[in-house]
Amino acid sequence: MEKLNFVKKNGVSRMPPGFRFQPTDEELVFQYLKCKVFSFPLPASMIPDINLSNYDPWDLPGNCDEHQEMYFFSSKEPKYRNGSRMNRTTTSGYWKATGSDKRIISSSNNSDDNSILGIRKTLVFYQGKSPNGTRTHWVLHEYRLASTTLHANNNACDIGDWVLCRLSVKKRSVGSGSIIISKKARSSASSSSSSSTSSNNVMEVSSSYAS
């Protein structure tokens with residue numbers, strides 16, 4: 001089979017026109033994240049490496065809207081020097097976990113996969129300082145590898161220094177005061193005075209979160 005020619009835009013590899021990158025949770029964990037953590041060849045160079053805390057969601061490489069998703073690997077930067085919690089604070093806000101973590105098990109008969117599970121954490125971006133930030137439409141699914149051997153407290157032990165992230169924009173019904181800010185609006189806001197209330201700064205106001 002002839003090899004696909006990926007398209008490069010802003011340093012990010014993209015599929016040729018007409019193709020879609022829509023992996024399942026299991027594929028993301030066992031075909032991409034596992035290979036990244038253990039330095040195996042990746043199926044395709046579609047997912048760039050970034051540091052999540054270095055970017056606000058609207059400034060991440062690529063282009064994300066309500067009809068698209070973005071994928072990237074992020075290093076596990078600790079929040080505190082001697083702690084194990086990841087740093088999820090950015091220049092303009094922070095990522096906050098919501099709901100329960102989901103466990104992802106491999107359906108293959110590979111003995112190596114049987115000792116590993118994936119854990120998917122859902123996070124929502126809040127603009128402002130914790131704990132009084134404003135909830136936005138930006139949603140992140142964060143995948144990490146863990147051992148199936150549990151600690152005494154029934155917590156799985158994380159594996160590797162990377163997580164795999166899937167970024168999306170989830171619209172909500174009108175009313176909650178939640179906002180979404182595009183790159184264009186962000187640029188306009190930074191060039192205007194802090195007292196400006198231009199509608200370019202806020203693109204939509206919405207209400208309850210739709211998972």
# chains A, B, ... in the order shown; residues from 1 in each chain; ligands from 1
>>> closest_atom_pairs(of="region 88-134 of chain A", to="region 43-52 of chain A", cutoff="10 Å", atoms="only C-alpha atoms", output="CSV")
residue,atom,partner,partner_atom,distance
A:Arg88,CA,A:Leu52,CA,7.1
A:Thr89,CA,A:Leu52,CA,8.5
A:Thr90,CA,A:Leu52,CA,7.8
A:Trp95,CA,A:Leu52,CA,9.7
>>> select_by_dssp(residues="region 21-186 of chain A", states="helix (DSSP H, G or I)", output="list in words")
Asp25, Glu26, Glu27, Leu28, Val29, Phe30, Gln31, Tyr32, Leu33, Lys34, Cys35, Lys36, Val37, Leu52, Ser53, Asn54, Pro57, Trp58, Asp59, Asp113, Asn114, Ser115, Lys183, Lys184, Ala185 and Arg186 of chain A
>>> closest_atom_pairs(of="region 76-107 of chain A", to="region 132-142 of chain A", cutoff="12 Å", atoms="only C-alpha atoms", output="JSON lines")
{"residue": "A:Lys76", "atom": "CA", "partner": "A:Glu142", "partner_atom": "CA", "distance": 11.1}
{"residue": "A:Met86", "atom": "CA", "partner": "A:Glu142", "partner_atom": "CA", "distance": 11.3}
{"residue": "A:Arg88", "atom": "CA", "partner": "A:Leu140", "partner_atom": "CA", "distance": 11.1}
{"residue": "A:Thr89", "atom": "CA", "partner": "A:Gly133", "partner_atom": "CA", "distance": 11.6}
{"residue": "A:Ser92", "atom": "CA", "partner": "A:Gly133", "partner_atom": "CA", "distance": 9.6}
{"residue": "A:Gly93", "atom": "CA", "partner": "A:Gly133", "partner_atom": "CA", "distance": 7.1}
{"residue": "A:Tyr94", "atom": "CA", "partner": "A:Gly133", "partner_atom": "CA", "distance": 8.1}
{"residue": "A:Trp95", "atom": "CA", "partner": "A:Leu140", "partner_atom": "CA", "distance": 8.2}
{"residue": "A:Lys96", "atom": "CA", "partner": "A:Arg135", "partner_atom": "CA", "distance": 9.3}
{"residue": "A:Ala97", "atom": "CA", "partner": "A:Leu140", "partner_atom": "CA", "distance": 9.1}
{"residue": "A:Thr98", "atom": "CA", "partner": "A:Val139", "partner_atom": "CA", "distance": 9.9}
{"residue": "A:Gly99", "atom": "CA", "partner": "A:His141", "partner_atom": "CA", "distance": 11.4}
{"residue": "A:Ser100", "atom": "CA", "partner": "A:His141", "partner_atom": "CA", "distance": 11.8}
{"residue": "A:Asp101", "atom": "CA", "partner": "A:Glu142", "partner_atom": "CA", "distance": 9.7}
{"residue": "A:Lys102", "atom": "CA", "partner": "A:His141", "partner_atom": "CA", "distance": 10.3}
{"residue": "A:Arg103", "atom": "CA", "partner": "A:Glu142", "partner_atom": "CA", "distance": 11.8}
>>> closest_residue(among="A:Thr148, A:Ser106, A:Thr91, A:Ser74", to="Leu167 (chain A)", atoms="only C-alpha atoms")
A:Ser74
>>> residues_around(residues="Ile159 (chain A)", least_positions_apart="6", cutoff="9 Å", atoms="only C-alpha atoms", output="number ranges by chain")
A: 37, 116, 144-147
>>> atom_distance(atom1="CA of Gly160 (chain A)", atom2="CA of Arg120 (chain A)")
15.1 Å
>>> atom_distance(atom1="CA of Pro61 (chain A)", atom2="CA of Ser39 (chain A)")
23.2 Å
>>> select_by_dssp(residues="region 26-165 of chain A", states="strand (DSSP E)", output="number ranges by chain")
A: 49-50, 70-75, 93-97, 102-104, 116-127, 134-150, 156-165
>>> decode(residues="region 34-67 of chain A", atoms="N, CA, C and O atoms", output="PDB file, in the first residue's frame")
ATOM      1  N   LYS A  34       0.835   4.083  24.667  1.00  0.00           N
ATOM      2  CA  LYS A  34       1.747   3.017  25.074  1.00  0.00           C
ATOM      3  C   LYS A  34       3.041   3.073  24.270  1.00  0.00           C
ATOM      4  O   LYS A  34       4.148   2.946  24.820  1.00  0.00           O
ATOM      5  N   CYS A  35       2.921   3.285  22.948  1.00  0.00           N
ATOM      6  CA  CYS A  35       4.118   3.377  22.116  1.00  0.00           C
ATOM      7  C   CYS A  35       4.971   4.578  22.495  1.00  0.00           C
ATOM      8  O   CYS A  35       6.209   4.510  22.499  1.00  0.00           O
ATOM      9  N   LYS A  36       4.321   5.696  22.816  1.00  0.00           N
ATOM     10  CA  LYS A  36       5.049   6.899  23.219  1.00  0.00           C
ATOM     11  C   LYS A  36       5.802   6.673  24.524  1.00  0.00           C
ATOM     12  O   LYS A  36       6.997   7.002  24.641  1.00  0.00           O
ATOM     13  N   VAL A  37       5.136   6.079  25.503  1.00  0.00           N
ATOM     14  CA  VAL A  37       5.744   5.873  26.821  1.00  0.00           C
ATOM     15  C   VAL A  37       6.921   4.906  26.757  1.00  0.00           C
ATOM     16  O   VAL A  37       7.962   5.114  27.389  1.00  0.00           O
ATOM     17  N   PHE A  38       6.773   3.838  25.966  1.00  0.00           N
ATOM     18  CA  PHE A  38       7.815   2.815  25.895  1.00  0.00           C
ATOM     19  C   PHE A  38       8.751   2.985  24.701  1.00  0.00           C
ATOM     20  O   PHE A  38       9.539   2.096  24.391  1.00  0.00           O
ATOM     21  N   SER A  39       8.651   4.141  24.026  1.00  0.00           N
ATOM     22  CA  SER A  39       9.550   4.485  22.910  1.00  0.00           C
ATOM     23  C   SER A  39       9.471   3.485  21.759  1.00  0.00           C
ATOM     24  O   SER A  39      10.475   3.175  21.111  1.00  0.00           O
ATOM     25  N   PHE A  40       8.244   2.987  21.492  1.00  0.00           N
ATOM     26  CA  PHE A  40       8.014   2.142  20.325  1.00  0.00           C
ATOM     27  C   PHE A  40       7.637   3.035  19.140  1.00  0.00           C
ATOM     28  O   PHE A  40       7.193   4.176  19.331  1.00  0.00           O
ATOM     29  N   PRO A  41       7.786   2.546  17.902  1.00  0.00           N
ATOM     30  CA  PRO A  41       7.356   3.346  16.737  1.00  0.00           C
ATOM     31  C   PRO A  41       5.849   3.616  16.796  1.00  0.00           C
ATOM     32  O   PRO A  41       5.053   2.727  17.097  1.00  0.00           O
ATOM     33  N   LEU A  42       5.457   4.839  16.510  1.00  0.00           N
ATOM     34  CA  LEU A  42       4.044   5.206  16.494  1.00  0.00           C
ATOM     35  C   LEU A  42       3.415   4.798  15.160  1.00  0.00           C
ATOM     36  O   LEU A  42       4.087   4.787  14.131  1.00  0.00           O
ATOM     37  N   PRO A  43       2.116   4.473  15.141  1.00  0.00           N
ATOM     38  CA  PRO A  43       1.441   4.123  13.889  1.00  0.00           C
ATOM     39  C   PRO A  43       1.526   5.233  12.844  1.00  0.00           C
ATOM     40  O   PRO A  43       1.597   4.969  11.650  1.00  0.00           O
ATOM     41  N   ALA A  44       1.492   6.483  13.298  1.00  0.00           N
ATOM     42  CA  ALA A  44       1.592   7.646  12.410  1.00  0.00           C
ATOM     43  C   ALA A  44       2.000   8.849  13.249  1.00  0.00           C
ATOM     44  O   ALA A  44       1.678   8.928  14.437  1.00  0.00           O
ATOM     45  N   SER A  45       2.723   9.772  12.621  1.00  0.00           N
ATOM     46  CA  SER A  45       3.190  10.963  13.348  1.00  0.00           C
ATOM     47  C   SER A  45       2.131  12.058  13.285  1.00  0.00           C
ATOM     48  O   SER A  45       2.335  13.136  12.721  1.00  0.00           O
ATOM     49  N   MET A  46       0.988  11.770  13.880  1.00  0.00           N
ATOM     50  CA  MET A  46      -0.146  12.689  13.817  1.00  0.00           C
ATOM     51  C   MET A  46      -0.272  13.549  15.070  1.00  0.00           C
ATOM     52  O   MET A  46      -0.994  14.528  15.088  1.00  0.00           O
ATOM     53  N   ILE A  47       0.399  13.165  16.164  1.00  0.00           N
ATOM     54  CA  ILE A  47       0.163  13.804  17.456  1.00  0.00           C
ATOM     55  C   ILE A  47       1.436  14.522  17.915  1.00  0.00           C
ATOM     56  O   ILE A  47       2.454  13.877  18.186  1.00  0.00           O
ATOM     57  N   PRO A  48       1.413  15.854  18.016  1.00  0.00           N
ATOM     58  CA  PRO A  48       2.609  16.603  18.413  1.00  0.00           C
ATOM     59  C   PRO A  48       2.849  16.542  19.923  1.00  0.00           C
ATOM     60  O   PRO A  48       1.953  16.216  20.694  1.00  0.00           O
ATOM     61  N   ASP A  49       4.076  16.864  20.327  1.00  0.00           N
ATOM     62  CA  ASP A  49       4.447  16.956  21.741  1.00  0.00           C
ATOM     63  C   ASP A  49       4.358  18.410  22.189  1.00  0.00           C
ATOM     64  O   ASP A  49       4.903  19.304  21.524  1.00  0.00           O
ATOM     65  N   ILE A  50       3.671  18.660  23.295  1.00  0.00           N
ATOM     66  CA  ILE A  50       3.612  20.000  23.860  1.00  0.00           C
ATOM     67  C   ILE A  50       3.657  19.901  25.377  1.00  0.00           C
ATOM     68  O   ILE A  50       3.629  18.808  25.940  1.00  0.00           O
ATOM     69  N   ASN A  51       3.710  21.047  26.031  1.00  0.00           N
ATOM     70  CA  ASN A  51       3.540  21.116  27.480  1.00  0.00           C
ATOM     71  C   ASN A  51       2.229  21.851  27.726  1.00  0.00           C
ATOM     72  O   ASN A  51       2.099  23.034  27.412  1.00  0.00           O
ATOM     73  N   LEU A  52       1.241  21.140  28.268  1.00  0.00           N
ATOM     74  CA  LEU A  52      -0.110  21.679  28.413  1.00  0.00           C
ATOM     75  C   LEU A  52      -0.133  23.008  29.156  1.00  0.00           C
ATOM     76  O   LEU A  52      -0.880  23.924  28.789  1.00  0.00           O
ATOM     77  N   SER A  53       0.685  23.147  30.196  1.00  0.00           N
ATOM     78  CA  SER A  53       0.642  24.363  31.012  1.00  0.00           C
ATOM     79  C   SER A  53       1.241  25.573  30.306  1.00  0.00           C
ATOM     80  O   SER A  53       1.108  26.697  30.790  1.00  0.00           O
ATOM     81  N   ASN A  54       1.888  25.377  29.171  1.00  0.00           N
ATOM     82  CA  ASN A  54       2.482  26.500  28.438  1.00  0.00           C
ATOM     83  C   ASN A  54       1.493  27.195  27.508  1.00  0.00           C
ATOM     84  O   ASN A  54       1.817  28.215  26.911  1.00  0.00           O
ATOM     85  N   TYR A  55       0.284  26.640  27.372  1.00  0.00           N
ATOM     86  CA  TYR A  55      -0.684  27.174  26.421  1.00  0.00           C
ATOM     87  C   TYR A  55      -2.064  27.337  27.049  1.00  0.00           C
ATOM     88  O   TYR A  55      -2.509  26.477  27.809  1.00  0.00           O
ATOM     89  N   ASP A  56      -2.735  28.432  26.704  1.00  0.00           N
ATOM     90  CA  ASP A  56      -4.177  28.495  26.891  1.00  0.00           C
ATOM     91  C   ASP A  56      -4.794  27.683  25.756  1.00  0.00           C
ATOM     92  O   ASP A  56      -4.190  27.544  24.686  1.00  0.00           O
ATOM     93  N   PRO A  57      -5.997  27.116  25.941  1.00  0.00           N
ATOM     94  CA  PRO A  57      -6.541  26.216  24.914  1.00  0.00           C
ATOM     95  C   PRO A  57      -6.686  26.857  23.546  1.00  0.00           C
ATOM     96  O   PRO A  57      -6.503  26.188  22.522  1.00  0.00           O
ATOM     97  N   TRP A  58      -7.010  28.155  23.484  1.00  0.00           N
ATOM     98  CA  TRP A  58      -7.191  28.817  22.186  1.00  0.00           C
ATOM     99  C   TRP A  58      -5.857  29.108  21.502  1.00  0.00           C
ATOM    100  O   TRP A  58      -5.826  29.496  20.344  1.00  0.00           O
ATOM    101  N   ASP A  59      -4.736  28.934  22.216  1.00  0.00           N
ATOM    102  CA  ASP A  59      -3.413  29.181  21.634  1.00  0.00           C
ATOM    103  C   ASP A  59      -2.676  27.893  21.276  1.00  0.00           C
ATOM    104  O   ASP A  59      -1.538  27.946  20.800  1.00  0.00           O
ATOM    105  N   LEU A  60      -3.305  26.743  21.505  1.00  0.00           N
ATOM    106  CA  LEU A  60      -2.650  25.478  21.187  1.00  0.00           C
ATOM    107  C   LEU A  60      -2.433  25.351  19.683  1.00  0.00           C
ATOM    108  O   LEU A  60      -3.213  25.871  18.890  1.00  0.00           O
ATOM    109  N   PRO A  61      -1.352  24.675  19.254  1.00  0.00           N
ATOM    110  CA  PRO A  61      -1.096  24.501  17.821  1.00  0.00           C
ATOM    111  C   PRO A  61      -2.271  23.819  17.127  1.00  0.00           C
ATOM    112  O   PRO A  61      -2.863  22.887  17.662  1.00  0.00           O
ATOM    113  N   GLY A  62      -2.605  24.291  15.951  1.00  0.00           N
ATOM    114  CA  GLY A  62      -3.720  23.717  15.205  1.00  0.00           C
ATOM    115  C   GLY A  62      -4.944  24.604  15.278  1.00  0.00           C
ATOM    116  O   GLY A  62      -4.892  25.765  15.675  1.00  0.00           O
ATOM    117  N   ASN A  63      -6.082  24.033  14.920  1.00  0.00           N
ATOM    118  CA  ASN A  63      -7.323  24.794  14.895  1.00  0.00           C
ATOM    119  C   ASN A  63      -8.447  23.905  15.395  1.00  0.00           C
ATOM    120  O   ASN A  63      -8.740  22.867  14.823  1.00  0.00           O
ATOM    121  N   CYS A  64      -9.096  24.284  16.489  1.00  0.00           N
ATOM    122  CA  CYS A  64     -10.133  23.449  17.095  1.00  0.00           C
ATOM    123  C   CYS A  64     -11.441  24.228  17.139  1.00  0.00           C
ATOM    124  O   CYS A  64     -11.481  25.375  17.586  1.00  0.00           O
ATOM    125  N   ASP A  65     -12.532  23.604  16.658  1.00  0.00           N
ATOM    126  CA  ASP A  65     -13.850  24.207  16.796  1.00  0.00           C
ATOM    127  C   ASP A  65     -14.826  23.115  17.192  1.00  0.00           C
ATOM    128  O   ASP A  65     -14.434  22.002  17.533  1.00  0.00           O
ATOM    129  N   GLU A  66     -16.115  23.418  17.166  1.00  0.00           N
ATOM    130  CA  GLU A  66     -17.117  22.467  17.658  1.00  0.00           C
ATOM    131  C   GLU A  66     -17.209  21.206  16.815  1.00  0.00           C
ATOM    132  O   GLU A  66     -17.794  20.214  17.237  1.00  0.00           O
ATOM    133  N   HIS A  67     -16.643  21.218  15.611  1.00  0.00           N
ATOM    134  CA  HIS A  67     -16.726  20.064  14.726  1.00  0.00           C
ATOM    135  C   HIS A  67     -15.406  19.297  14.650  1.00  0.00           C
ATOM    136  O   HIS A  67     -15.312  18.317  13.926  1.00  0.00           O
TER     137      HIS A  67
END
